[in-house]
Amino acid sequence: MIFFLCFVIFLIGLYCVIVKKNILKIVIGIAIMEYAVNLFLILLGYRWEGVPAIVTETVTQAKFVDPLPQALVLTAIVISIATLALMVSLCIRIHQRYKTFDITKIRRLKG
Amino acid sequence: MNLIPLFIAVPLGVAFILALLGKFKEVVSDLLAALCTLSLAILSFVLIGQLKTHGIFVYTVGKWTPPWGINLVLDGLSLLMLIIINTVAFLVIIYSVSYMKKFTAKSRYYALFLLMLAGMNGVVLTGDFFNLFVFSEIAAISSYALVAFGVEAEELEASFKYMVMGSIASILILFSVGLLYGLTGSLNMADVGRMIQGRRNVLLSFSMTLFLAGFGLKAAVIPFHAWLPDAHPSAPAPISAMLSGVLIKALGVYALMRIFFNVFGMGLQLYWTFMILGCVSMIGGGLLALRQEDLKRLLAYSSISQIGYIILGLGCGNYWGIMGALFHLLNHASFKSLLFLNSGAVEYSTGTRKLEKMGGLSKVMPVTGATSTIASLSISGIPPFNGFWSKLFIIIGLIQAGHFVLAVITILASVLTLAYYLRMQRYAFFGELKEGLEKIKEAPFLMGFSVIVLAIICLGVGILFYPVMKIVLEPAVEVLQEGIRYSSLVLGG
């Protein structure tokens with residue numbers, strides 16, 4: 001069920017990328033898709049009433065959450081920050097050249 | 001000593017140094033970048049002999065054994081890709097020394113270029129799904145920045161389009177990696193391959209579809225091709241050569257081959273999917289290229305068409321089909337980079353990319369004219385150039401697999417290729433010299449050097465196709481034909 005909701009968030013992001021005309025909204029759509037996938041990865045490793053996977057003298061046989069997806073999500077977040085920064089800086093440059101954020105008016109390339 | 005990590009570590013380190021250098025003497029950054037790529041190219045050739053005696057190389061990063069840690073794997077297929085990537089990268093760097101003079105911040109350009117190189121080398125070496133995603137992102141993000149390097153309106157537009165499509169592709173790939181992790185609890189390709197053998201369920205097919213869409217977007221096969229004809233022509237010429245010649249293959253086609261042949265294992269449906277995708281791209285790209293007025297745009301559409309050949313050859317699934325596909329991959333890297341570098345030389349000298357404004361350029365630019373004639377003949381499959389052999393092998397593969405109709409279509413597509421390249425040659429290089437073009441000069445020496453070397457590769461590989469096949473291509477074909485035995489080879493036993 002929760003995975004299904006996660007997929008719905010992903011589709012909302014995809015809808016935003018495909019339908020919206022404003023390039024900043026497209027960037028937001030991509031960010032939403034990234035969050036949906038990150039949420040999905042975190043949910044994969046989650047165990048109900050689990051504890052962090054740190055073995056100490058007192059905690060040895062407890063139900064651990066899977067630590068690997070958390071490491072993956074950290075990496076994915078760093079990558080998405082880099083993408084987001086580059087995208088927003090491209091948007092600023094595009095606005096300088098075209099004086100608009102409207103994707104339907106940014107069409108010099110065709111063929 | 002295990003030399004594999006050097007392919008990732010050296011370009012990453014040099015990129016870091018170059019980024020620090022900033023506007024310090026340009027000559028230093030030229031030399032550093034050229035030396036770095038030259039040493040990597042030589043190293044990749046040295047590894048041919050070592051691979052033959054030693055067999056498959058596996059490097060475990062940080063001594064964590066495979067199911068838990070990341071491993072780098074060097075087999076025949078990775079080696080073929082490494083040779084292509086690093087040789088083309090070296091020649092492109094030499095070309096950029098002259099070409100990139102008109103841009104400021106050359107050392108930043110080299111830094112981004114080497115990051116892209118590190119990413120591609122990582123993609124072809126890694127044996128881990130998440131690592132594949134990370135390296136493909138390194139390569140992709142630096143290529144987005146490189147496409148927009150000129151910061152003109154068109155370049156920014158193309159880069160934005162490329163970036164939106166590329167990010168969606170990466171998200172799909174990450175999603176699929178997550179699904180696979182949820183199904184098997186492992187991220188190592190060999191380990192995952194071993195665990196999903198014989199299993200077929202809905203989620204596995206869903207993950208395959210996501211991989212196909214994600215890497216298909218990066219490879220620009222036809223339903224996913226929209227970004228390529230904008231991004232490749234808008235980039236500076238050496239970057240177009242790199243993107244078209246190497247990047248779409250390393251990130252797209254290589255990843256498709258590795259994942260579908262060696263991890264999932266090919267089935268009849270997948271073969272058909274590959275063949276249909278390949279056939280549509282081959283014909284569609286060719287037809288779209290036929291009516292282009294912009295020289296670089298024509299070349300970009302032709303890339304889509306040639307990627308179609310490669311995917312079609314892979315879809316045959318038999319020895320000759322795969323051999324033809326891999327051979328075409330090697331050949332396409334040589335002649336498409338050559339053509340893009342030549343288009344850069346034309347743009348450098350005449351200042352235009354429109355075909356109708358050119359004419360008779362062979363008279364004033366003999367080297368560019370001659371080399372692009374060689375490249376056009378190679379890409380259209382005229383013997384004895386290299387393109388002939390690879391297309392012949394693909395057709396033999398199709399006939400062996402019993403697809404006669406597809407074989408005929410392939411031959412027709414080859415005629416189509418010849419048609420648009422003849423058109424390009426006639427408009428740009430043959431015929432009467434247009435007025436106002438008499439005073440232009442041949443491109444500088446270093447630019448000429450790269451294109452001549454690439455032209456020699458086109459001709460040399462065409463004449464010496466047999467040794468090239470035996471030494472470089474055969475091990476790669478073996479890797480793909482062994483299919484899912486990959487996991488036992490990598491994990492040992």
# chains A, B, ... in the order shown; residues from 1 in each chain; ligands from 1

call {"tool": "residues_around", "arguments": {"residues": "Ile42 of chain A", "least_positions_apart": "3", "cutoff": "8 Å", "atoms": "only C-alpha atoms", "output": "ChimeraX atom specification"}}
result
/A:38-39,45-46,69-70,73

call {"tool": "write_last_selection", "arguments": {"atoms": "C-alpha atoms", "output": "tab-separated table (two decimals), in the first residue's frame"}}
result
chain	number	residue	atom	x	y	z
A	38	ASN	CA	14.42	8.21	-2.40
A	39	LEU	CA	11.34	7.53	-0.28
A	45	GLY	CA	14.98	-0.99	4.21
A	46	TYR	CA	12.41	-0.12	6.86
A	69	PRO	CA	19.32	1.79	1.41
A	70	GLN	CA	20.03	4.66	3.79
A	73	VAL	CA	19.75	7.52	-0.41

call {"tool": "interface_residues", "arguments": {"of": "chain A", "to": "chain B", "cutoff": "6 Å", "atoms": "only C-alpha atoms", "output": "tab-separated table (two decimals) with N, CA, C and O atoms, in the first residue's frame"}}
result
chain	number	residue	atom	x	y	z
A	37	VAL	N	11.56	8.50	-5.45
A	37	VAL	CA	12.45	7.34	-5.53
A	37	VAL	C	13.25	7.18	-4.24
A	37	VAL	O	13.43	6.06	-3.74
A	41	LEU	N	13.33	3.95	-1.72
A	41	LEU	CA	14.53	3.23	-1.26
A	41	LEU	C	14.53	3.11	0.26
A	41	LEU	O	14.85	2.05	0.81
A	97	ARG	N	18.85	35.07	-21.44
A	97	ARG	CA	18.88	35.10	-22.90
A	97	ARG	C	17.51	35.31	-23.51
A	97	ARG	O	17.35	36.03	-24.48

call {"tool": "residues_around", "arguments": {"residues": "Leu40 of chain B", "least_positions_apart": "4", "cutoff": "8 Å", "atoms": "only C-alpha atoms", "output": "ChimeraX atom specification"}}
result
/B:7,36,44,86

call {"tool": "residues_around", "arguments": {"residues": "segment 98-101 of chain A", "least_positions_apart": "6", "cutoff": "12 Å", "atoms": "only C-alpha atoms", "output": "short mmCIF file (atom, residue, chain, number, x, y, z; two decimals) with all heavy atoms, in the first residue's frame"}}
result
data_model
loop_
_atom_site.label_atom_id
_atom_site.label_comp_id
_atom_site.auth_asym_id
_atom_site.auth_seq_id
_atom_site.Cartn_x
_atom_site.Cartn_y
_atom_site.Cartn_z
N LYS A 20 3.61 20.92 -17.34
CA LYS A 20 3.83 22.32 -17.01
C LYS A 20 4.62 23.07 -18.08
O LYS A 20 5.51 22.49 -18.72
CB LYS A 20 4.55 22.42 -15.66
CG LYS A 20 3.69 21.99 -14.51
CD LYS A 20 2.54 22.95 -14.30
CE LYS A 20 1.53 22.38 -13.33
NZ LYS A 20 0.29 23.14 -13.29
N LYS A 21 4.31 24.35 -18.23
CA LYS A 21 4.98 25.15 -19.25
C LYS A 21 6.19 25.91 -18.70
O LYS A 21 7.09 26.26 -19.43
CB LYS A 21 4.00 26.18 -19.83
CG LYS A 21 2.80 25.56 -20.52
CD LYS A 21 3.15 25.11 -21.92
CE LYS A 21 1.93 24.63 -22.66
NZ LYS A 21 1.47 23.33 -22.14
N ASN A 22 6.16 26.20 -17.40
CA ASN A 22 7.22 27.00 -16.80
C ASN A 22 8.43 26.10 -16.49
O ASN A 22 8.29 25.04 -15.88
CB ASN A 22 6.65 27.60 -15.51
CG ASN A 22 7.59 28.60 -14.90
OD1 ASN A 22 8.80 28.39 -14.90
ND2 ASN A 22 7.06 29.67 -14.39
N ILE A 23 9.61 26.53 -16.93
CA ILE A 23 10.76 25.62 -16.76
C ILE A 23 11.11 25.40 -15.29
O ILE A 23 11.58 24.34 -14.93
CB ILE A 23 12.01 26.08 -17.55
CG1 ILE A 23 12.36 27.51 -17.27
CG2 ILE A 23 11.83 25.87 -19.02
CD1 ILE A 23 13.66 27.91 -17.92
N LEU A 24 10.84 26.40 -14.43
CA LEU A 24 11.11 26.17 -13.01
C LEU A 24 10.20 25.10 -12.44
O LEU A 24 10.61 24.29 -11.61
CB LEU A 24 10.93 27.47 -12.22
CG LEU A 24 12.10 28.44 -12.37
CD1 LEU A 24 11.81 29.73 -11.67
CD2 LEU A 24 13.36 27.82 -11.82
N LYS A 25 8.94 25.07 -12.94
CA LYS A 25 8.03 24.03 -12.46
C LYS A 25 8.48 22.66 -12.95
O LYS A 25 8.30 21.65 -12.26
CB LYS A 25 6.61 24.33 -12.91
CG LYS A 25 6.02 25.46 -12.12
CD LYS A 25 4.58 25.72 -12.47
CE LYS A 25 4.10 26.91 -11.67
NZ LYS A 25 2.92 27.52 -12.27
N ILE A 26 9.08 22.61 -14.14
CA ILE A 26 9.62 21.34 -14.62
C ILE A 26 10.73 20.86 -13.68
O ILE A 26 10.80 19.68 -13.31
CB ILE A 26 10.14 21.49 -16.05
CG1 ILE A 26 8.96 21.74 -16.99
CG2 ILE A 26 10.89 20.26 -16.50
CD1 ILE A 26 9.36 21.98 -18.41
N VAL A 27 11.57 21.82 -13.26
CA VAL A 27 12.65 21.45 -12.33
C VAL A 27 12.06 20.92 -11.04
O VAL A 27 12.53 19.91 -10.49
CB VAL A 27 13.55 22.68 -12.07
CG1 VAL A 27 14.56 22.37 -11.00
CG2 VAL A 27 14.25 23.10 -13.33
N VAL A 88 19.05 24.77 -12.00
CA VAL A 88 18.58 26.11 -11.65
C VAL A 88 19.50 27.16 -12.26
O VAL A 88 19.04 28.19 -12.77
CB VAL A 88 18.49 26.25 -10.12
CG1 VAL A 88 18.18 27.67 -9.74
CG2 VAL A 88 17.42 25.34 -9.59
N LEU A 90 21.11 26.82 -15.02
CA LEU A 90 20.73 26.88 -16.45
C LEU A 90 19.48 27.73 -16.63
O LEU A 90 19.39 28.51 -17.57
CB LEU A 90 20.45 25.48 -16.97
CG LEU A 90 21.60 24.70 -17.59
CD1 LEU A 90 21.08 23.37 -18.08
CD2 LEU A 90 22.18 25.47 -18.74
N CYS A 91 18.50 27.58 -15.71
CA CYS A 91 17.27 28.36 -15.80
C CYS A 91 17.58 29.85 -15.73
O CYS A 91 17.02 30.64 -16.49
CB CYS A 91 16.33 28.01 -14.66
SG CYS A 91 15.58 26.42 -14.85
N ILE A 92 18.51 30.23 -14.82
CA ILE A 92 18.86 31.65 -14.70
C ILE A 92 19.45 32.15 -16.01
O ILE A 92 19.06 33.19 -16.55
CB ILE A 92 19.87 31.85 -13.55
CG1 ILE A 92 19.22 31.48 -12.22
CG2 ILE A 92 20.38 33.27 -13.52
CD1 ILE A 92 20.19 31.42 -11.07
N ARG A 107 12.03 28.25 -28.15
CA ARG A 107 12.08 27.26 -29.23
C ARG A 107 12.87 27.80 -30.40
O ARG A 107 12.32 28.14 -31.42
CB ARG A 107 10.68 26.97 -29.78
CG ARG A 107 9.64 26.55 -28.83
CD ARG A 107 8.41 26.18 -29.62
NE ARG A 107 8.72 25.16 -30.59
CZ ARG A 107 8.53 23.87 -30.38
NH1 ARG A 107 8.05 23.47 -29.25
NH2 ARG A 107 8.81 23.00 -31.31
N ARG A 108 14.14 27.88 -30.27
CA ARG A 108 14.92 28.30 -31.44
C ARG A 108 15.41 27.10 -32.23
O ARG A 108 15.78 27.22 -33.38
CB ARG A 108 16.11 29.13 -31.01
CG ARG A 108 15.66 30.52 -30.64
CD ARG A 108 16.79 31.48 -30.68
NE ARG A 108 16.43 32.61 -29.85
CZ ARG A 108 17.30 33.45 -29.36
NH1 ARG A 108 18.59 33.29 -29.61
NH2 ARG A 108 16.91 34.45 -28.63
N GLU B 152 25.42 30.24 -25.17
CA GLU B 152 24.55 30.95 -26.12
C GLU B 152 23.13 30.43 -25.93
O GLU B 152 22.93 29.38 -25.33
CB GLU B 152 25.01 30.68 -27.56
CG GLU B 152 26.32 31.30 -27.92
CD GLU B 152 26.35 32.81 -27.73
OE1 GLU B 152 25.34 33.46 -28.09
OE2 GLU B 152 27.35 33.31 -27.21
N ALA B 153 22.16 31.17 -26.49
CA ALA B 153 20.76 30.83 -26.27
C ALA B 153 20.44 29.40 -26.70
O ALA B 153 19.84 28.64 -25.94
CB ALA B 153 19.88 31.81 -27.02
N GLU B 154 20.89 29.01 -27.90
CA GLU B 154 20.56 27.67 -28.40
C GLU B 154 21.17 26.58 -27.54
O GLU B 154 20.56 25.55 -27.26
CB GLU B 154 21.04 27.47 -29.85
CG GLU B 154 20.27 28.23 -30.89
CD GLU B 154 20.81 29.63 -31.06
OE1 GLU B 154 21.83 29.95 -30.41
OE2 GLU B 154 20.21 30.40 -31.82
N LEU B 156 21.98 26.72 -24.39
CA LEU B 156 21.29 26.58 -23.10
C LEU B 156 19.99 25.82 -23.27
O LEU B 156 19.65 24.95 -22.46
CB LEU B 156 21.00 27.96 -22.52
CG LEU B 156 22.24 28.72 -22.08
CD1 LEU B 156 21.91 30.15 -21.80
CD2 LEU B 156 22.80 28.07 -20.84
N GLU B 157 19.28 26.14 -24.34
CA GLU B 157 18.00 25.46 -24.59
C GLU B 157 18.22 23.96 -24.76
O GLU B 157 17.55 23.13 -24.14
CB GLU B 157 17.35 26.05 -25.83
CG GLU B 157 15.99 25.50 -26.12
CD GLU B 157 15.48 25.95 -27.47
OE1 GLU B 157 15.91 27.01 -27.95
OE2 GLU B 157 14.68 25.22 -28.05
N PHE B 160 19.19 22.30 -21.51
CA PHE B 160 18.07 22.12 -20.59
C PHE B 160 17.22 20.92 -20.99
O PHE B 160 16.84 20.10 -20.17
CB PHE B 160 17.21 23.39 -20.54
CG PHE B 160 16.15 23.34 -19.48
CD1 PHE B 160 16.51 23.53 -18.16
CD2 PHE B 160 14.84 23.07 -19.79
CE1 PHE B 160 15.56 23.45 -17.16
CE2 PHE B 160 13.89 23.00 -18.80
CZ PHE B 160 14.24 23.19 -17.48
#

call {"tool": "closest_residue", "arguments": {"among": "B:Val10, B:Gly166, B:Lys23, B:Asn188", "to": "Ile30 of chain A", "atoms": "only C-alpha atoms"}}
result
B:Gly166

call {"tool": "select_by_dssp", "arguments": {"residues": "chain A", "states": "alpha helix (DSSP H)", "output": "ChimeraX atom specification"}}
result
/A:2-19,23-45,67-98

call {"tool": "residues_around", "arguments": {"residues": "Glu482 of chain B", "least_positions_apart": "6", "cutoff": "10 Å", "atoms": "only C-alpha atoms", "output": "PyMOL selection string"}}
result
chain B and resi 261-262+265+489

call {"tool": "residues_around", "arguments": {"residues": "segment 270-272 of chain B", "least_positions_apart": "4", "cutoff": "8 Å", "atoms": "only C-alpha atoms", "output": "ChimeraX atom specification"}}
result
/B:266,276,314-317

call {"tool": "write_last_selection", "arguments": {"atoms": "N, CA and C atoms", "output": "CSV table (one decimal), in the first residue's frame"}}
result
chain,number,residue,atom,x,y,z
B,266,MET,N,19.1,-13.1,-21.8
B,266,MET,CA,18.2,-12.7,-22.9
B,266,MET,C,17.1,-13.8,-23.1
B,276,ILE,N,13.2,-4.7,-32.8
B,276,ILE,CA,12.2,-3.7,-33.3
B,276,ILE,C,12.7,-2.3,-33.0
B,314,LEU,N,22.6,-6.7,-32.0
B,314,LEU,CA,22.5,-7.4,-30.7
B,314,LEU,C,21.3,-8.2,-30.6
B,315,GLY,N,20.2,-7.7,-31.2
B,315,GLY,CA,18.9,-8.5,-31.2
B,315,GLY,C,19.0,-9.8,-31.9
B,316,CYS,N,19.9,-10.0,-32.9
B,316,CYS,CA,20.0,-11.3,-33.5
B,316,CYS,C,20.4,-12.4,-32.6
B,317,GLY,N,21.3,-12.0,-31.6
B,317,GLY,CA,21.7,-13.0,-30.6
B,317,GLY,C,22.6,-14.1,-31.0

call {"tool": "residues_around", "arguments": {"residues": "Leu14 of chain A", "least_positions_apart": "4", "cutoff": "7 Å", "atoms": "only C-alpha atoms", "output": "list in words"}}
result
Phe10, Ile18, Gly29 and Met33 of chain A
